[in-house]
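Everything below belongs to entry.txt, which stores compact mmCIF, C-alpha atoms.
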# COMPACT_ATOMS: atom_id res chain seq x y z
CA MET A 1 74.91 27.05 120.37
CA LYS A 2 74.13 28.06 116.81
CA SER A 3 74.73 31.73 116.40
CA ILE A 4 72.26 34.44 115.59
CA GLU A 5 74.82 35.52 112.97
CA GLU A 6 74.00 32.40 110.99
CA LEU A 7 70.34 33.32 111.12
CA LYS A 8 71.15 36.78 109.76
CA ALA A 9 73.05 35.22 106.86
CA ILE A 10 70.07 32.98 106.11
CA LYS A 11 67.82 36.03 106.10
CA GLU A 12 70.03 37.90 103.64
CA ARG A 13 70.07 34.93 101.29
CA ALA A 14 66.35 34.33 101.62
CA LEU A 15 65.38 37.94 100.95
CA LYS A 16 66.98 37.70 97.52
CA GLU A 17 64.79 34.81 96.42
CA ILE A 18 61.64 35.59 98.31
CA SER A 19 59.64 37.11 95.49
CA ILE A 20 59.22 33.79 93.71
CA ARG A 21 57.83 32.16 96.85
CA GLU A 22 54.58 34.05 96.96
CA ASN A 23 52.04 31.89 95.26
CA GLU A 24 48.33 32.18 95.95
CA ASN A 25 46.91 28.97 94.54
CA LYS A 26 48.97 26.57 96.52
CA VAL A 27 48.68 22.83 96.51
CA ARG A 28 48.31 21.60 100.08
CA ILE A 29 49.37 18.30 101.61
CA VAL A 30 47.57 17.70 104.91
CA VAL A 31 48.80 14.92 107.19
CA GLY A 32 46.62 13.44 109.95
CA MET A 33 48.42 14.10 113.22
CA ALA A 34 46.09 12.97 115.98
CA THR A 35 47.04 10.24 118.46
CA CYS A 36 46.05 7.55 115.94
CA GLY A 37 48.14 9.06 113.15
CA ILE A 38 51.19 9.72 115.29
CA ALA A 39 51.12 6.21 116.78
CA ALA A 40 50.95 4.78 113.26
CA GLY A 41 53.99 6.76 112.08
CA ALA A 42 52.57 10.00 110.66
CA LYS A 43 55.57 12.00 111.81
CA GLY A 44 57.94 10.07 109.53
CA VAL A 45 55.48 10.53 106.68
CA MET A 46 55.30 14.26 107.26
CA SER A 47 59.11 14.54 107.45
CA ALA A 48 59.40 12.63 104.19
CA PHE A 49 56.96 14.99 102.42
CA ILE A 50 58.86 18.05 103.65
CA GLU A 51 62.29 16.60 102.84
CA GLU A 52 61.28 15.48 99.36
CA LEU A 53 59.71 18.86 98.53
CA ASN A 54 62.82 20.65 99.78
CA LYS A 55 65.10 18.30 97.87
CA ARG A 56 63.24 19.09 94.66
CA ASN A 57 63.07 22.77 95.58
CA ILE A 58 59.28 22.78 95.25
CA GLN A 59 58.07 25.91 96.98
CA ASP A 60 54.43 26.25 95.99
CA VAL A 61 53.25 23.27 98.03
CA THR A 62 52.45 23.62 101.72
CA VAL A 63 52.51 20.75 104.18
CA SER A 64 50.27 21.03 107.22
CA MET A 65 48.67 18.82 109.84
CA THR A 66 45.15 18.03 110.86
CA GLY A 67 43.42 16.04 113.58
CA CYS A 68 41.66 12.72 113.42
CA ILE A 69 39.25 12.36 110.53
CA GLY A 70 37.65 9.23 111.94
CA ILE A 71 39.23 6.46 109.89
CA CYS A 72 42.03 5.57 112.30
CA ARG A 73 42.42 2.07 110.85
CA HIS A 74 43.82 3.66 107.68
CA GLU A 75 46.46 5.83 109.38
CA PRO A 76 48.89 7.34 108.50
CA ILE A 77 46.67 9.36 106.18
CA ALA A 78 47.47 12.36 104.00
CA GLU A 79 45.22 14.41 101.79
CA VAL A 80 46.42 16.30 98.74
CA TYR A 81 44.34 19.37 97.88
CA GLU A 82 44.84 20.68 94.37
CA ALA A 83 44.67 24.38 93.62
CA ASN A 84 41.24 23.72 92.05
CA GLY A 85 39.92 22.23 95.29
CA GLU A 86 40.09 18.59 94.25
CA LYS A 87 41.11 16.22 97.02
CA THR A 88 42.96 12.91 96.96
CA THR A 89 43.08 10.84 100.16
CA TYR A 90 46.10 8.57 100.61
CA ILE A 91 46.13 5.93 103.32
CA LYS A 92 48.51 3.60 105.16
CA LEU A 93 51.47 5.72 104.20
CA ASP A 94 55.14 5.48 105.04
CA ALA A 95 58.12 7.62 104.14
CA GLU A 96 58.76 5.79 100.86
CA LYS A 97 55.13 6.16 99.74
CA ALA A 98 55.24 9.86 100.65
CA ARG A 99 58.26 10.36 98.41
CA ARG A 100 56.48 8.60 95.55
CA ILE A 101 53.45 10.84 96.00
CA VAL A 102 55.67 13.90 95.68
CA ALA A 103 57.34 12.51 92.55
CA GLU A 104 54.24 11.19 90.81
CA HIS A 105 51.34 13.30 92.06
CA ILE A 106 52.93 16.66 92.87
CA VAL A 107 55.59 16.74 90.16
CA ASN A 108 53.98 14.70 87.38
CA GLN A 109 50.35 15.31 88.34
CA GLN A 110 49.56 11.60 88.27
CA PRO A 111 47.88 10.56 91.53
CA VAL A 112 49.29 7.29 92.90
CA ILE A 113 46.05 5.35 92.58
CA GLU A 114 47.28 2.27 94.45
CA PHE A 115 47.79 4.26 97.69
CA THR A 116 44.40 5.98 97.63
CA ILE A 117 41.52 5.15 99.89
CA GLY A 118 39.44 4.38 96.81
CA ALA A 119 41.82 1.61 95.75
CA ALA A 120 41.97 0.12 99.26
CA GLU A 121 38.23 -0.02 99.83
CA LYS A 122 37.38 -1.67 96.55
CA MET B 1 53.98 5.85 121.77
CA LYS B 2 57.56 4.86 121.12
CA ASP B 3 59.25 8.01 122.38
CA LEU B 4 58.67 11.30 124.16
CA SER B 5 58.76 13.37 120.98
CA LEU B 6 55.65 11.55 119.70
CA HIS B 7 53.80 12.28 122.94
CA LEU B 8 54.86 15.91 122.64
CA MET B 9 53.54 16.11 119.10
CA ASP B 10 50.29 14.56 120.25
CA ILE B 11 49.65 16.55 123.43
CA VAL B 12 50.49 19.83 121.71
CA GLN B 13 47.56 19.21 119.33
CA ASN B 14 45.31 19.66 122.38
CA SER B 15 46.88 23.08 123.04
CA ILE B 16 46.41 24.06 119.40
CA THR B 17 42.79 22.92 119.43
CA ALA B 18 42.33 24.94 122.64
CA GLY B 19 43.23 28.04 120.61
CA ALA B 20 46.58 28.73 122.31
CA ASP B 21 48.84 31.35 120.75
CA HIS B 22 51.67 30.80 123.22
CA ILE B 23 52.95 27.29 123.91
CA SER B 24 55.98 26.49 126.06
CA LEU B 25 57.74 23.16 125.80
CA ASN B 26 60.03 22.48 128.73
CA LEU B 27 62.29 19.54 129.36
CA SER B 28 64.22 19.54 132.57
CA ILE B 29 66.09 17.27 134.93
CA ASP B 30 65.49 17.13 138.64
CA GLN B 31 68.58 15.39 139.98
CA ASN B 32 67.21 14.56 143.39
CA PRO B 33 66.20 11.87 142.67
CA HIS B 34 66.59 11.45 138.94
CA TRP B 35 63.47 12.70 137.22
CA LEU B 36 62.99 13.88 133.67
CA ILE B 37 60.21 16.44 133.64
CA CYS B 38 58.33 17.26 130.47
CA GLU B 39 56.00 20.25 130.55
CA ILE B 40 53.63 21.60 127.96
CA ILE B 41 52.22 24.95 129.00
CA ASP B 42 49.63 26.75 126.89
CA ASN B 43 47.42 29.80 127.13
CA GLY B 44 44.48 28.12 125.42
CA CYS B 45 40.89 27.98 126.59
CA GLY B 46 41.62 25.69 129.55
CA MET B 47 39.29 23.13 131.09
CA GLU B 48 36.61 23.19 133.77
CA ALA B 49 37.54 21.34 136.96
CA GLU B 50 34.96 18.67 136.24
CA PHE B 51 36.38 17.89 132.80
CA LEU B 52 39.97 18.09 134.08
CA GLU B 53 39.26 15.37 136.60
CA LYS B 54 38.17 12.94 133.94
CA VAL B 55 40.46 13.95 131.11
CA THR B 56 42.87 11.02 131.53
CA ASP B 57 39.94 8.68 131.04
CA PRO B 58 40.21 7.36 127.46
CA PHE B 59 36.49 7.82 126.99
CA LYS B 60 36.68 11.54 127.68
CA THR B 61 37.40 13.70 124.67
CA THR B 62 36.26 16.90 123.02
CA ARG B 63 36.69 15.20 119.69
CA THR B 64 33.52 14.86 117.68
CA THR B 65 34.65 12.19 115.22
CA ARG B 66 34.39 9.55 117.93
CA ASP B 67 34.17 9.12 121.70
CA VAL B 68 37.70 8.03 122.48
CA GLY B 69 40.70 10.25 123.25
CA LEU B 70 43.98 8.50 123.98
CA GLY B 71 46.52 11.35 124.02
CA LEU B 72 46.70 12.08 127.74
CA PRO B 73 45.93 8.50 128.89
CA LEU B 74 48.90 7.22 126.85
CA LEU B 75 51.23 9.89 128.25
CA LYS B 76 50.04 9.02 131.76
CA LEU B 77 50.81 5.37 131.08
CA SER B 78 54.31 6.17 129.78
CA ALA B 79 55.05 8.24 132.90
CA GLU B 80 53.58 5.76 135.37
CA MET B 81 55.44 2.84 133.80
CA THR B 82 58.63 4.41 135.19
CA GLY B 83 57.17 5.25 138.60
CA GLY B 84 56.52 8.82 137.51
CA LYS B 85 53.21 10.60 137.11
CA LEU B 86 51.12 12.94 135.04
CA ALA B 87 49.99 16.19 136.62
CA LEU B 88 47.50 18.59 135.05
CA GLU B 89 46.63 22.14 135.95
CA SER B 90 44.04 24.08 134.06
CA GLU B 91 41.88 27.12 134.42
CA PRO B 92 39.13 28.10 131.99
CA GLY B 93 40.23 31.14 129.99
CA LYS B 94 43.82 30.97 131.25
CA GLY B 95 45.33 27.82 129.84
CA THR B 96 46.61 24.38 130.72
CA THR B 97 49.83 22.90 132.04
CA VAL B 98 50.61 19.25 131.40
CA ARG B 99 53.53 17.89 133.40
CA ALA B 100 54.81 14.34 132.97
CA THR B 101 57.63 13.02 135.11
CA PHE B 102 59.77 10.02 134.24
CA SER B 103 62.30 8.19 136.37
CA ILE B 104 65.44 8.58 134.25
CA GLY B 105 67.13 5.29 135.04
CA HIS B 106 63.99 3.15 134.80
CA ILE B 107 64.21 0.44 132.17
CA ASP B 108 60.75 1.31 130.82
CA ARG B 109 61.48 5.00 130.30
CA ILE B 110 60.86 5.86 126.67
CA PRO B 111 63.72 7.77 125.01
CA LEU B 112 63.48 11.43 123.99
CA GLY B 113 63.20 10.55 120.30
CA ASP B 114 63.39 13.19 117.60
CA ILE B 115 62.63 16.27 119.72
CA PRO B 116 64.33 18.73 117.29
CA GLY B 117 62.38 17.39 114.29
CA THR B 118 59.11 17.40 116.20
CA ILE B 119 59.43 20.95 117.47
CA THR B 120 60.56 22.19 114.06
CA MET B 121 57.55 20.53 112.46
CA LEU B 122 55.23 22.16 114.99
CA ILE B 123 56.74 25.59 114.34
CA ALA B 124 56.58 25.03 110.57
CA THR B 125 52.91 24.10 110.60
CA HIS B 126 51.81 26.64 113.24
CA PRO B 127 54.04 29.65 112.63
CA HIS B 128 51.56 32.14 114.14
CA ILE B 129 51.94 30.55 117.59
CA LEU B 130 54.66 31.87 119.91
CA TRP B 131 56.73 28.81 120.76
CA THR B 132 59.08 28.83 123.73
CA VAL B 133 61.45 25.91 124.17
CA ASN B 134 63.39 25.37 127.41
CA PHE B 135 65.86 22.64 128.25
CA THR B 136 67.48 22.58 131.68
CA SER B 137 69.89 20.30 133.50
CA ASP B 138 72.77 20.77 135.93
CA ARG B 139 75.08 20.95 132.94
CA GLU B 140 73.52 23.65 130.85
CA SER B 141 70.34 25.44 129.99
CA PHE B 142 68.91 26.24 126.58
CA ILE B 143 66.14 28.54 125.49
CA LEU B 144 64.68 29.28 122.08
CA ASP B 145 61.64 31.37 121.32
CA THR B 146 60.10 32.08 117.97
CA ASP B 147 59.47 35.77 118.68
CA THR B 148 63.21 36.43 118.96
CA ILE B 149 63.80 34.52 115.73
CA LYS B 150 61.03 36.38 113.92
CA LYS B 151 62.53 39.74 114.97
CA GLU B 152 65.85 38.75 113.39
CA LEU B 153 64.13 37.64 110.21
CA ASP B 154 62.10 40.76 109.37
CA ASP B 155 60.21 39.88 106.19
CA VAL B 156 61.56 36.36 105.78
CA PRO B 157 58.95 33.89 106.98
CA ILE B 158 59.93 31.59 109.83
CA THR B 159 58.71 28.75 107.62
CA HIS B 160 61.53 29.32 105.11
CA LYS B 161 63.30 25.98 104.77
CA ASP B 162 66.75 27.34 105.63
CA VAL B 163 65.34 28.96 108.76
CA LEU B 164 63.63 25.72 109.77
CA GLU B 165 66.87 23.84 109.20
CA TRP B 166 68.63 26.35 111.44
CA ILE B 167 65.97 25.91 114.13
CA GLN B 168 66.26 22.13 113.99
CA ASN B 169 70.07 22.23 114.21
CA THR B 170 69.93 24.75 117.03
CA ILE B 171 67.56 22.56 119.05
CA SER B 172 69.72 19.48 118.34
CA GLU B 173 72.74 21.29 119.73
CA GLY B 174 70.68 22.41 122.70
CA ILE B 175 69.65 18.82 123.46
CA ARG B 176 73.26 17.64 123.22
CA ALA B 177 74.56 20.47 125.40
CA VAL B 178 71.90 20.06 128.10
CA PHE B 179 71.25 16.33 128.17
CA GLY B 180 74.49 14.84 126.79
CA GLY B 181 75.88 12.51 129.46
CA VAL B 182 72.70 12.98 131.50
CA LEU B 183 70.30 10.88 129.41
CA ASP B 184 71.70 7.66 127.98
CA GLU B 185 70.23 8.23 124.52
CA VAL B 186 71.90 11.64 124.08
CA ASN B 187 75.60 11.66 123.30

Represent the structure contained in this file as structure tokens.
Amino acid sequence: MKSIEELKAIKERALKEISIRENENKVRIVVGMATCGIAAGAKGVMSAFIEELNKRNIQDVTVSMTGCIGICRHEPIAEVYEANGEKTTYIKLDAEKARRIVAEHIVNQQPVIEFTIGAAEK
Amino acid sequence: MKDLSLHLMDIVQNSITAGADHISLNLSIDQNPHWLICEIIDNGCGMEAEFLEKVTDPFKTTRTTRDVGLGLPLLKLSAEMTGGKLALESEPGKGTTVRATFSIGHIDRIPLGDIPGTITMLIATHPHILWTVNFTSDRESFILDTDTIKKELDDVPITHKDVLEWIQNTISEGIRAVFGGVLDEVN
């Protein structure tokens, strides 16, 4: 079993850097995690978002889950909410697409138009 | 659903929607005969007897986006494919227990899948909920609860990435210690 000692060491390290984590106007990535989303592979998408954000040490973006938004045929779906309230809906995602969204939308602020619901429904 | 972890992720959403602030996830082995038992126990709003009776009907859902709910029916199917079953207990105001049993050696039994990643993701996205995780077999037992972890952490949020990594590794070790040599997919 992993020891509680390890957890204490993590705490000590984390306390030193914690001040820079507090950020009010966070960007949010919300992944659809109802039966439809999960069956379509939303869990891998969510893992990819979290891993890519961690890899790039991006701390002011939260990843959360939501239920079914009623367009199951487009799952896995993720929505990116900007700090200013603007929303981008990405559909038919996979892990690779999630990583590109982090790189292009989150880091470079260029939404990946080709993965958006707008592009698909044209 | 391809594995048990996906069912877990799915069924737990019901508990969250039911407003639960304590959710227990239990995986255990009953050796006589060989059953894998998966329990999800919550203290959410529960269900009336009438709704409970029909809840494994795909056309019964509290969802408002559409009239189909496949979470429990799919879990029931996965359990029954192995000769197991799905049992539900619920009381309005008290909470709900979902118990799925799987015959371990049955060729149609779905594997555990990424249980550590799933539970870690649930904790990360719902940190205010008290999560209790129990694994039991003849070999070993494992318990993890987020209250104990939070006490150790003081001001550090449980959603800190290093903490989450620790949780995921701890659960992985738990799975190996409890189910290694017991379930084919764990070694």

Residue hits in chain B, query chain A, radius 6 Å, only C-alpha atoms, as a PyMOL selection string
chain B and resi 1+10+65+71+125+153+170

Just write the chosen residues, C-alpha atoms, as an mmCIF file, in the frame of the given file.
data_model
loop_
_atom_site.group_PDB
_atom_site.id
_atom_site.type_symbol
_atom_site.label_atom_id
_atom_site.label_comp_id
_atom_site.auth_asym_id
_atom_site.auth_seq_id
_atom_site.Cartn_x
_atom_site.Cartn_y
_atom_site.Cartn_z
ATOM 1 C CA MET B 1 53.980 5.850 121.770
ATOM 2 C CA ASP B 10 50.290 14.560 120.250
ATOM 3 C CA THR B 65 34.650 12.190 115.220
ATOM 4 C CA GLY B 71 46.520 11.350 124.020
ATOM 5 C CA THR B 125 52.910 24.100 110.600
ATOM 6 C CA LEU B 153 64.130 37.640 110.210
ATOM 7 C CA THR B 170 69.930 24.750 117.030
#

Extending 3 Å beyond the listed atoms of stretch 8-17 of chain A on each side, what axis-aligned box results? I want centre and edge lengths in Å to one decimal, as AutoDock Vina command-line options.
--center_x 68.9 --center_y 35.5 --center_z 103.1 --size_x 14.3 --size_y 11.0 --size_z 19.3

Atom-to-atom span, atom CA of B:Ser103 and atom CA of B:Ile115, Å:
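Separating atom CA of B:Ser103 from atom CA of B:Ile115 is a distance of 18.5 Å.
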
Can you tell me, as a PyMOL selection string, what residues are no more than 8 Å from A:Thr88 when counting all atoms listed in the file, ignoring any on the same chain fewer than 5 positions away?
chain A and resi 79-81+111+116

Between B:Val55, B:Ala20, B:Leu4, B:Ala100, single out the one closest to B:Gly84, counting only C-alpha atoms.
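Using only C-alpha atoms, B:Gly84 sits closest to B:Ala100.
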
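Of the residues under consideration (B:Met47, B:Val186, B:Leu130, B:Ala124), B:Ala124 shows the shortest atom-to-atom contact distance to B:Ile167 when counting all atoms listed in the file.
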
With distances taken over all atoms listed in the file, which residue among B:Ser15, B:Gly44, B:Val178, B:Val156 lies nearest B:Asn134?
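Among the listed residues, the smallest separation from B:Asn134 belongs to B:Val178.
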
Fewer than 3 positions away in the same chain doesn't count, so skip those; otherwise give me all residues within 8 Å of stretch 139-150 of chain B, counting all atoms listed in the file, as a list of chain:residue names.
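Counting all atoms listed in the file, the residues come to B:Leu130, B:Trp131, B:Thr132, B:Val133, B:Asn134, B:Phe135, B:Thr136, B:Leu153, B:Asp154, B:Pro157, B:Ile158, B:Ile171, B:Gly174, B:Ala177, B:Val178, B:Phe179.
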
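In this comparison, which uses only C-alpha atoms, the residue of A:Cys72, A:Ala83, A:Thr89, A:Arg28 approaching A:Gly118 most closely is A:Thr89.
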
Any idea what the distance is between atom CA of A:Arg56 and atom CA of B:Met9?
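Separating atom CA of A:Arg56 from atom CA of B:Met9 is a distance of 26.5 Å.
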
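In this model, the gap between atom CA of B:Glu53 and atom CA of B:Cys38 comes to 20.1 Å.
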
My list of candidates is B:Leu88, B:Val98, B:Ile23, B:Leu72. Which is closest to B:Ala49 when distances are computed with all atoms listed in the file?
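Closest residue, counting all atoms listed in the file: B:Leu88.
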
Within 8 Å of (48.9, 12.4, 103.7), all atoms listed in the file: residues as an mmCIF file with C-alpha atoms, keeping the file's coordinate frame?
data_model
loop_
_atom_site.group_PDB
_atom_site.id
_atom_site.type_symbol
_atom_site.label_atom_id
_atom_site.label_comp_id
_atom_site.auth_asym_id
_atom_site.auth_seq_id
_atom_site.Cartn_x
_atom_site.Cartn_y
_atom_site.Cartn_z
ATOM 1 C CA ILE A 29 49.370 18.300 101.610
ATOM 2 C CA VAL A 30 47.570 17.700 104.910
ATOM 3 C CA VAL A 31 48.800 14.920 107.190
ATOM 4 C CA GLY A 32 46.620 13.440 109.950
ATOM 5 C CA VAL A 45 55.480 10.530 106.680
ATOM 6 C CA MET A 46 55.300 14.260 107.260
ATOM 7 C CA PRO A 76 48.890 7.340 108.500
ATOM 8 C CA ILE A 77 46.670 9.360 106.180
ATOM 9 C CA ALA A 78 47.470 12.360 104.000
ATOM 10 C CA GLU A 79 45.220 14.410 101.790
ATOM 11 C CA VAL A 80 46.420 16.300 98.740
ATOM 12 C CA THR A 89 43.080 10.840 100.160
ATOM 13 C CA TYR A 90 46.100 8.570 100.610
ATOM 14 C CA ILE A 91 46.130 5.930 103.320
ATOM 15 C CA LEU A 93 51.470 5.720 104.200
ATOM 16 C CA ALA A 98 55.240 9.860 100.650
#

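Using all atoms listed in the file, the shortest contact distance between A:Lys97 and any of A:Glu121, A:Leu53, A:Glu114, A:Glu82 is found at A:Glu114.
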